[in-house]
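Participant: You'll find target.csv just under this line, and it carries CSV, C-alpha atoms and all ligand atoms.
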```csv
chain,number,residue,atom,x,y,z
A,1,MET,CA,-12.2,12.7,-15.6
A,2,ARG,CA,-12.3,10.9,-12.3
A,3,LEU,CA,-12.3,7.5,-14.0
A,4,VAL,CA,-9.4,8.5,-16.2
A,5,GLU,CA,-7.4,9.6,-13.2
A,6,ALA,CA,-8.3,6.4,-11.3
A,7,LEU,CA,-7.1,4.3,-14.2
A,8,CYS,CA,-3.8,6.2,-14.5
A,9,GLU,CA,-3.2,5.7,-10.8
A,10,LEU,CA,-3.8,2.0,-11.3
A,11,PHE,CA,-1.3,1.6,-14.1
A,12,LEU,CA,1.4,4.2,-13.5
A,13,PRO,CA,3.7,4.2,-10.4
A,14,ALA,CA,2.4,7.0,-8.1
A,15,ALA,CA,4.7,9.9,-7.6
A,16,CYS,CA,6.1,10.7,-4.1
A,17,ALA,CA,3.3,12.5,-2.2
A,18,SER,CA,5.8,15.1,-1.0
A,19,CYS,CA,8.2,16.1,-3.7
A,20,ARG,CA,6.1,14.7,-6.6
A,21,GLU,CA,9.3,14.3,-8.6
A,22,VAL,CA,10.3,10.7,-8.2
A,23,PRO,CA,8.2,7.5,-8.0
A,24,ALA,CA,7.1,6.7,-4.5
A,25,SER,CA,8.1,3.5,-2.7
A,26,GLY,CA,5.3,1.3,-1.5
A,27,GLY,CA,4.5,3.7,1.3
A,28,GLY,CA,3.7,6.7,-0.8
A,29,LEU,CA,6.9,8.7,-0.3
A,30,CYS,CA,10.3,8.5,-1.9
A,31,ALA,CA,13.3,7.5,0.3
A,32,ALA,CA,14.6,11.1,0.5
A,33,CYS,CA,11.2,12.5,1.7
A,34,ALA,CA,10.6,9.6,4.1
A,35,ALA,CA,14.0,10.4,5.6
A,36,GLY,CA,12.8,14.0,6.2
A,37,LEU,CA,9.9,12.9,8.4
A,38,PRO,CA,10.1,13.9,12.1
A,39,ALA,CA,12.3,11.5,14.2
A,40,ALA,CA,10.9,12.1,17.7
A,41,ALA,CA,7.5,12.8,19.1
A,42,ALA,CA,7.0,16.0,21.1
A,43,LEU,CA,4.5,17.7,23.5
A,44,ALA,CA,2.3,20.2,21.8
A,45,VAL,CA,0.6,23.0,23.8
A,46,PRO,CA,-2.7,24.0,22.1
A,47,ARG,CA,-4.3,27.1,23.4
A,48,ALA,CA,-7.9,26.0,23.7
A,49,PRO,CA,-8.9,25.7,27.4
A,50,GLY,CA,-9.8,22.2,28.5
A,51,THR,CA,-7.5,20.5,25.9
A,52,PRO,CA,-6.0,17.3,27.3
A,53,PRO,CA,-2.1,17.0,27.1
A,54,VAL,CA,-1.2,16.3,23.5
A,55,VAL,CA,1.8,14.5,22.1
A,56,VAL,CA,2.4,14.8,18.3
A,57,ALA,CA,4.7,13.1,16.0
A,58,GLY,CA,6.0,16.4,14.6
A,59,ALA,CA,5.3,19.9,13.3
A,60,TYR,CA,2.9,20.3,10.4
A,61,GLU,CA,5.6,21.2,7.8
A,62,GLY,CA,7.7,19.6,5.1
A,63,PRO,CA,7.1,16.0,4.0
A,64,LEU,CA,4.8,15.3,6.9
A,65,ALA,CA,2.4,18.1,5.9
A,66,GLU,CA,2.5,17.0,2.3
A,67,ALA,CA,1.8,13.4,3.2
A,68,LEU,CA,-1.1,14.4,5.4
A,69,ASN,CA,-2.6,16.5,2.7
A,70,GLU,CA,-2.4,13.9,0.1
A,71,TYR,CA,-3.8,11.3,2.4
A,72,LYS,CA,-6.8,13.4,3.5
A,73,GLU,CA,-7.6,15.4,0.5
A,74,ARG,CA,-6.5,13.1,-2.4
A,75,GLY,CA,-7.4,9.8,-0.9
A,76,ARG,CA,-3.8,8.4,-1.1
A,77,ARG,CA,-4.6,5.6,1.4
A,78,GLU,CA,-1.2,3.9,0.9
A,79,LEU,CA,0.2,6.7,3.2
A,80,ALA,CA,-1.9,5.3,6.1
A,81,ALA,CA,1.0,2.9,7.1
A,82,VAL,CA,3.7,5.6,7.4
A,83,LEU,CA,1.3,8.1,9.0
A,84,GLY,CA,-0.1,5.5,11.3
A,85,GLY,CA,3.4,4.6,12.3
A,86,LEU,CA,4.1,8.2,13.2
A,87,LEU,CA,0.8,8.4,15.2
A,88,GLY,CA,1.8,5.2,16.9
A,89,ARG,CA,5.1,6.8,18.1
A,90,ALA,CA,3.1,9.7,19.7
A,91,VAL,CA,0.7,7.2,21.3
A,92,ALA,CA,3.6,5.2,22.7
A,93,VAL,CA,4.9,8.3,24.6
A,94,VAL,CA,1.4,8.9,26.1
A,95,ALA,CA,0.7,5.2,26.7
A,96,ALA,CA,3.8,4.9,28.9
A,97,GLU,CA,2.1,7.3,31.3
A,98,VAL,CA,-1.4,5.9,30.9
A,99,PRO,CA,-1.5,2.1,31.2
A,100,ASP,CA,-4.4,0.2,29.7
A,101,ALA,CA,-5.8,3.2,27.8
A,102,ALA,CA,-8.5,2.9,25.1
A,103,LEU,CA,-7.9,4.7,21.8
A,104,VAL,CA,-10.7,7.0,20.7
A,105,PRO,CA,-10.3,8.6,17.3
A,106,ILE,CA,-11.9,12.0,16.5
A,107,PRO,CA,-14.7,11.2,13.9
A,108,PRO,CA,-14.8,12.9,10.6
A,109,THR,CA,-17.6,15.3,9.9
A,110,ARG,CA,-20.4,13.7,7.9
A,111,ALA,CA,-19.5,15.8,4.8
A,112,ALA,CA,-15.8,14.8,5.0
A,113,ARG,CA,-16.7,11.2,5.5
A,114,ARG,CA,-19.0,11.2,2.5
A,115,GLU,CA,-16.4,13.0,0.4
A,116,ARG,CA,-13.4,10.7,1.4
A,117,GLY,CA,-15.4,7.5,1.7
A,118,PHE,CA,-13.4,6.4,4.7
A,119,ASP,CA,-12.8,7.4,8.3
A,120,HIS,CA,-9.3,8.7,7.9
A,121,VAL,CA,-8.3,9.0,11.6
A,122,ALA,CA,-9.6,5.6,12.6
A,123,ALA,CA,-7.8,4.1,9.6
A,124,LEU,CA,-4.5,5.3,11.0
A,125,CYS,CA,-5.1,3.0,14.1
A,126,ALA,CA,-4.3,-0.3,12.3
A,127,PRO,CA,-0.6,-0.4,13.5
A,128,ILE,CA,-1.5,0.9,17.0
A,129,GLY,CA,-4.5,-0.9,18.4
A,130,ARG,CA,-8.3,-1.2,18.2
A,131,PRO,CA,-10.0,2.1,17.8
A,132,HIS,CA,-13.1,2.6,20.1
A,133,ARG,CA,-15.5,4.6,17.9
A,134,CYS,CA,-17.3,6.2,20.8
A,135,LEU,CA,-17.7,9.6,19.2
A,136,ARG,CA,-19.8,10.7,16.3
A,137,ALA,CA,-20.3,13.9,14.4
A,138,GLY,CA,-23.7,15.4,15.2
A,139,PRO,CA,-26.5,16.4,12.8
A,140,ARG,CA,-25.2,18.6,10.0
A,141,ALA,CA,-25.5,22.3,10.7
A,142,ASP,CA,-26.4,24.6,7.9
A,143,SER,CA,-23.0,25.8,6.9
A,144,VAL,CA,-23.9,28.0,4.0
A,145,GLY,CA,-22.2,31.3,4.4
A,146,LEU,CA,-19.9,30.2,7.2
A,147,THR,CA,-16.1,30.7,7.0
A,148,ALA,CA,-13.9,27.6,7.4
A,149,ALA,CA,-13.2,28.5,11.0
A,150,GLN,CA,-16.9,28.9,11.7
A,151,ARG,CA,-17.6,25.5,10.1
A,152,ARG,CA,-14.9,23.9,12.2
A,153,HIS,CA,-16.5,25.5,15.3
A,154,ALA,CA,-19.9,24.1,14.4
A,155,ALA,CA,-18.4,20.7,13.8
A,156,ASP,CA,-16.7,20.8,17.2
A,157,ALA,CA,-19.9,21.9,18.9
A,158,SER,CA,-21.8,19.0,17.3
A,159,LEU,CA,-19.4,16.2,18.5
A,160,ALA,CA,-21.4,13.7,20.6
A,161,VAL,CA,-20.8,10.3,22.1
A,162,VAL,CA,-22.3,7.1,20.8
A,163,PRO,CA,-24.3,6.3,23.9
A,164,GLY,CA,-23.9,2.5,24.2
A,165,ARG,CA,-20.2,2.5,23.4
A,166,ALA,CA,-19.4,5.4,25.7
A,167,ALA,CA,-21.3,3.8,28.5
A,168,ALA,CA,-19.4,0.6,28.1
A,169,LEU,CA,-16.1,2.5,28.1
A,170,ALA,CA,-17.2,4.4,31.2
A,171,ALA,CA,-18.1,1.2,33.0
A,172,SER,CA,-14.8,-0.4,32.1
A,173,GLY,CA,-13.0,2.5,34.0
A,174,ARG,CA,-10.3,2.6,31.3
A,175,PRO,CA,-8.7,5.9,30.6
A,176,VAL,CA,-8.9,7.3,27.1
A,177,ILE,CA,-6.3,8.6,24.7
A,178,LEU,CA,-7.9,10.7,22.0
A,179,LEU,CA,-6.4,10.5,18.5
A,180,ASP,CA,-6.5,13.1,15.7
A,181,ASP,CA,-4.6,13.9,12.6
A,182,ILE,CA,-3.7,17.6,13.0
A,183,VAL,CA,-3.9,19.7,16.1
A,184,THR,CA,-4.3,23.4,15.6
A,185,THR,CA,-6.0,25.3,18.5
A,186,GLY,CA,-7.0,22.1,20.3
A,187,ALA,CA,-10.7,23.1,20.2
A,188,THR,CA,-11.7,19.8,18.6
A,189,LEU,CA,-9.9,17.7,21.2
A,190,SER,CA,-11.3,19.9,23.9
A,191,ALA,CA,-14.9,19.5,22.6
A,192,ALA,CA,-14.3,15.7,22.3
A,193,ALA,CA,-12.9,15.4,25.8
A,194,ALA,CA,-15.9,17.4,27.2
A,195,ALA,CA,-18.5,15.1,25.5
A,196,LEU,CA,-16.7,12.0,26.8
A,197,ARG,CA,-16.4,13.3,30.3
A,198,ARG,CA,-20.1,14.2,30.4
A,199,ALA,CA,-20.7,10.5,29.6
A,200,GLY,CA,-18.5,9.5,32.6
A,201,VAL,CA,-15.4,8.6,30.5
A,202,LYS,CA,-11.9,9.5,31.8
A,203,VAL,CA,-9.9,11.3,29.2
A,204,ALA,CA,-6.3,11.2,30.1
A,205,ALA,CA,-4.4,12.6,27.1
A,206,ALA,CA,-4.3,12.9,23.3
A,207,ALA,CA,-2.0,12.0,20.5
A,208,ALA,CA,-1.9,13.4,16.9
A,209,VAL,CA,0.2,13.1,13.8
A,210,ALA,CA,1.1,16.8,13.5
A,211,ALA,CA,0.7,20.1,15.2
A,212,VAL,CA,0.3,23.5,13.4
A,213,GLU,CA,2.7,25.8,15.2
B,1,ZN,ZN,9.9,12.6,-2.4
```
What is this structure when it is put down as structure tokens?
Facilitator:
Amino acid sequence: MRLVEALCELFLPAACASCREVPASGGGLCAACAAGLPAAAALAVPRAPGTPPVVVAGAYEGPLAEALNEYKERGRRELAAVLGGLLGRAVAVVAAEVPDAALVPIPPTRAARRERGFDHVAALCAPIGRPHRCLRAGPRADSVGLTAAQRRHAADASLAVVPGRAAALAASGRPVILLDDIVTTGATLSAAAAALRRAGVKVAAAAAVAAVE
């Protein structure tokens, strides 16, 4: 079944990732849905304590939510350019206040990475700048019987720095902008910031593609 689907995707023009009614342009969305993407980045205010200031490209709704879902869950990597462009807009707002910042993407959990076959947040960095992969997901916790929220919490708690890379970043003195796809409570960004700060890295702010209101 997977092979058949893959072959169909090769030979048929893909439908728009949002409305699914008309063929997509090269970027994965039709022109009408692309026009419905958010126009200006905005400050999000997550409720988790210790979350750095976060700027997002838009709210998690409409074509932006559809595009993120198709990119993450259905492996439609052609959406990386438009989503990376939106993330870049949020980063630009933050970077204006934080000169010479290093970009540190939130790493996928090992299970998600295995399933998707690529690091979906780092892949959004291409139009923005070089990602510093200073964070890694920790050893896999036994998640049998956990709810989605409990699994997310376990994943956050297992976030750790890659020692050599974090030490190099700390020694450089450069401030960090954390990057993520979707911000909900801010717990993941808060855990990532805490791990980096323990390693002596300055975390100035964060940017994400979308915020769940
Ligand atoms: Zn569409």
Participant: Throw together the list of residues within 10 Å of ligand ZN 1 (chain B), counting all atoms listed in the file, and drop it here as a list in words.
Facilitator: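 Final answer, ordered by chain and number: Ala15, Cys16, Ala17, Ser18, Cys19, Arg20, Glu21, Val22, Pro23, Ala24, Ser25, Gly28, Leu29, Cys30, Ala31, Ala32, Cys33, Ala34, Ala35, Gly36, Pro63, Glu66 and Ala67 of chain A.
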Participant: Could you produce a table of the residues of range 36-117 of chain A lying within 10 Å of range 192-205 of chain A, with the nearest pair of atoms per residue and their separation in Å rounded to one decimal, using only C-alpha atoms, ordered by chain and increasing residue number, as JSON lines?
Facilitator:
```
{"residue": "A:Gly50", "atom": "CA", "partner": "A:Ala194", "partner_atom": "CA", "distance": 7.9}
{"residue": "A:Thr51", "atom": "CA", "partner": "A:Ala193", "partner_atom": "CA", "distance": 7.4}
{"residue": "A:Pro52", "atom": "CA", "partner": "A:Ala205", "partner_atom": "CA", "distance": 5.0}
{"residue": "A:Pro53", "atom": "CA", "partner": "A:Ala205", "partner_atom": "CA", "distance": 5.0}
{"residue": "A:Val54", "atom": "CA", "partner": "A:Ala205", "partner_atom": "CA", "distance": 6.1}
{"residue": "A:Val55", "atom": "CA", "partner": "A:Ala205", "partner_atom": "CA", "distance": 8.2}
{"residue": "A:Val91", "atom": "CA", "partner": "A:Ala205", "partner_atom": "CA", "distance": 9.4}
{"residue": "A:Val94", "atom": "CA", "partner": "A:Ala205", "partner_atom": "CA", "distance": 7.0}
{"residue": "A:Ala95", "atom": "CA", "partner": "A:Ala205", "partner_atom": "CA", "distance": 9.0}
{"residue": "A:Glu97", "atom": "CA", "partner": "A:Ala204", "partner_atom": "CA", "distance": 9.3}
{"residue": "A:Val98", "atom": "CA", "partner": "A:Ala204", "partner_atom": "CA", "distance": 7.3}
{"residue": "A:Ala101", "atom": "CA", "partner": "A:Ala204", "partner_atom": "CA", "distance": 8.3}
{"residue": "A:Ala102", "atom": "CA", "partner": "A:Val203", "partner_atom": "CA", "distance": 9.5}
{"residue": "A:Val104", "atom": "CA", "partner": "A:Ala192", "partner_atom": "CA", "distance": 9.6}
{"residue": "A:Pro105", "atom": "CA", "partner": "A:Ala192", "partner_atom": "CA", "distance": 9.6}
{"residue": "A:Ile106", "atom": "CA", "partner": "A:Ala192", "partner_atom": "CA", "distance": 7.3}
{"residue": "A:Pro107", "atom": "CA", "partner": "A:Ala192", "partner_atom": "CA", "distance": 9.5}
```
Participant: Let's have the selection written as a tab-separated table (two decimals), keeping the file's coordinate frame, with C-alpha atoms.
Facilitator:
```tsv
chain	number	residue	atom	x	y	z
A	50	GLY	CA	-9.80	22.20	28.50
A	51	THR	CA	-7.50	20.50	25.90
A	52	PRO	CA	-6.00	17.30	27.30
A	53	PRO	CA	-2.10	17.00	27.10
A	54	VAL	CA	-1.20	16.30	23.50
A	55	VAL	CA	1.80	14.50	22.10
A	91	VAL	CA	0.70	7.20	21.30
A	94	VAL	CA	1.40	8.90	26.10
A	95	ALA	CA	0.70	5.20	26.70
A	97	GLU	CA	2.10	7.30	31.30
A	98	VAL	CA	-1.40	5.90	30.90
A	101	ALA	CA	-5.80	3.20	27.80
A	102	ALA	CA	-8.50	2.90	25.10
A	104	VAL	CA	-10.70	7.00	20.70
A	105	PRO	CA	-10.30	8.60	17.30
A	106	ILE	CA	-11.90	12.00	16.50
A	107	PRO	CA	-14.70	11.20	13.90
```
Participant: Have a look at A:Pro163, A:Gly75, A:Gly145, A:Gly138 and name the one nearest to Ala123 in chain A; count only C-alpha atoms.
Facilitator: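 Of A:Pro163, A:Gly75, A:Gly145, A:Gly138, the one nearest Ala123 in chain A is A:Gly75, counting only C-alpha atoms.
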Participant: Env of Asp119 in chain A: 10 Å cut, atoms = only C-alpha atoms, seq-sep filter 5 positions within chain, self excluded. Answer as a ChimeraX atom specification.
Facilitator: /A:72,105-110,112-114,124
Participant: Mind pulling up the distance from CA of Gly173 in chain A to CA of Pro99 in chain A?
Facilitator: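 Straight-line distance from CA of Pro99 in chain A to CA of Gly173 in chain A works out to 11.8 Å.
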Participant: Got a sec: who's within 7 Å of Pro131 in chain A, counting only C-alpha atoms, leaving out chain neighbours fewer than 2 positions off, as number ranges by chain?
Facilitator: A: 103-105, 122, 125, 129, 133
Participant: Restrict the selected residues to C-alpha atoms and save them as an mmCIF file, in the coordinates of the input.
Facilitator:
```cif
data_model
loop_
_atom_site.group_PDB
_atom_site.id
_atom_site.type_symbol
_atom_site.label_atom_id
_atom_site.label_comp_id
_atom_site.auth_asym_id
_atom_site.auth_seq_id
_atom_site.Cartn_x
_atom_site.Cartn_y
_atom_site.Cartn_z
ATOM 1 C CA LEU A 103 -7.900 4.700 21.800
ATOM 2 C CA VAL A 104 -10.700 7.000 20.700
ATOM 3 C CA PRO A 105 -10.300 8.600 17.300
ATOM 4 C CA ALA A 122 -9.600 5.600 12.600
ATOM 5 C CA CYS A 125 -5.100 3.000 14.100
ATOM 6 C CA GLY A 129 -4.500 -0.900 18.400
ATOM 7 C CA ARG A 133 -15.500 4.600 17.900
#
```
Participant: Restricting the calculation to only C-alpha atoms, which member of A:Leu43, A:Asp181, A:Thr188, A:Leu169 is positioned closest to Ala137 in chain A?
Facilitator: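 Smallest separation from Ala137 in chain A among the options: A:Thr188.
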Participant: Need to verify the contact set: Val56 in chain A, 7 Å, only C-alpha atoms, exclusion of same-chain residues closer than 6 positions in sequence. Can you return it as a list in words?
Facilitator: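 Close residues of Val56 in chain A: Ala41, Ala42, Leu43, Ala44, Ala90, Ala207, Ala208, Val209, Ala210 and Ala211 of chain A.
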Participant: Store the residues picked out above in a file with C-alpha atoms, as a PDB file, keeping the file's coordinate frame.
Facilitator:
```pdb
ATOM      1  CA  ALA A  41       7.500  12.800  19.100  1.00  0.00           C
ATOM      2  CA  ALA A  42       7.000  16.000  21.100  1.00  0.00           C
ATOM      3  CA  LEU A  43       4.500  17.700  23.500  1.00  0.00           C
ATOM      4  CA  ALA A  44       2.300  20.200  21.800  1.00  0.00           C
ATOM      5  CA  ALA A  90       3.100   9.700  19.700  1.00  0.00           C
ATOM      6  CA  ALA A 207      -2.000  12.000  20.500  1.00  0.00           C
ATOM      7  CA  ALA A 208      -1.900  13.400  16.900  1.00  0.00           C
ATOM      8  CA  VAL A 209       0.200  13.100  13.800  1.00  0.00           C
ATOM      9  CA  ALA A 210       1.100  16.800  13.500  1.00  0.00           C
ATOM     10  CA  ALA A 211       0.700  20.100  15.200  1.00  0.00           C
TER      11      ALA A 211
END
```
Participant: Find the distance between CA of Pro175 in chain A and CA of Leu83 in chain A and write it in Å to one decimal.
Facilitator: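 Separating CA of Pro175 in chain A from CA of Leu83 in chain A is a distance of 23.9 Å.
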Participant: For Val183 in chain A, which of A:Ala57, A:Ala157, A:Ala166, A:Leu37 is the closest residue, counting only C-alpha atoms?
Facilitator: A:Ala57
Participant: Quick one, how far is CA of Ala59 in chain A from CA of Ile128 in chain A?
Facilitator: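 These atoms are spaced 20.5 Å apart.
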Participant: Select, from A:Cys134, A:Ala206, A:Ala39, A:Ala14, the residue with the minimum atom-to-atom distance to Leu159 in chain A, counting only C-alpha atoms.
Facilitator: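 Closest to Leu159 in chain A of all the choices is A:Cys134.
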Participant: My list of candidates is A:Val82, A:Leu189, A:Tyr60, A:Tyr71. Which is closest to Pro127 in chain A when distances are computed with all atoms listed in the file?
Facilitator: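 Counting all atoms listed in the file, the residue closest to Pro127 in chain A is A:Val82.
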Participant: I want to know what sits within 7 Å of Pro46 in chain A, based on all atoms listed in the file, with residues of the same chain fewer than 5 positions away left out; could you give that as a ChimeraX atom specification?
Facilitator: /A:184-186
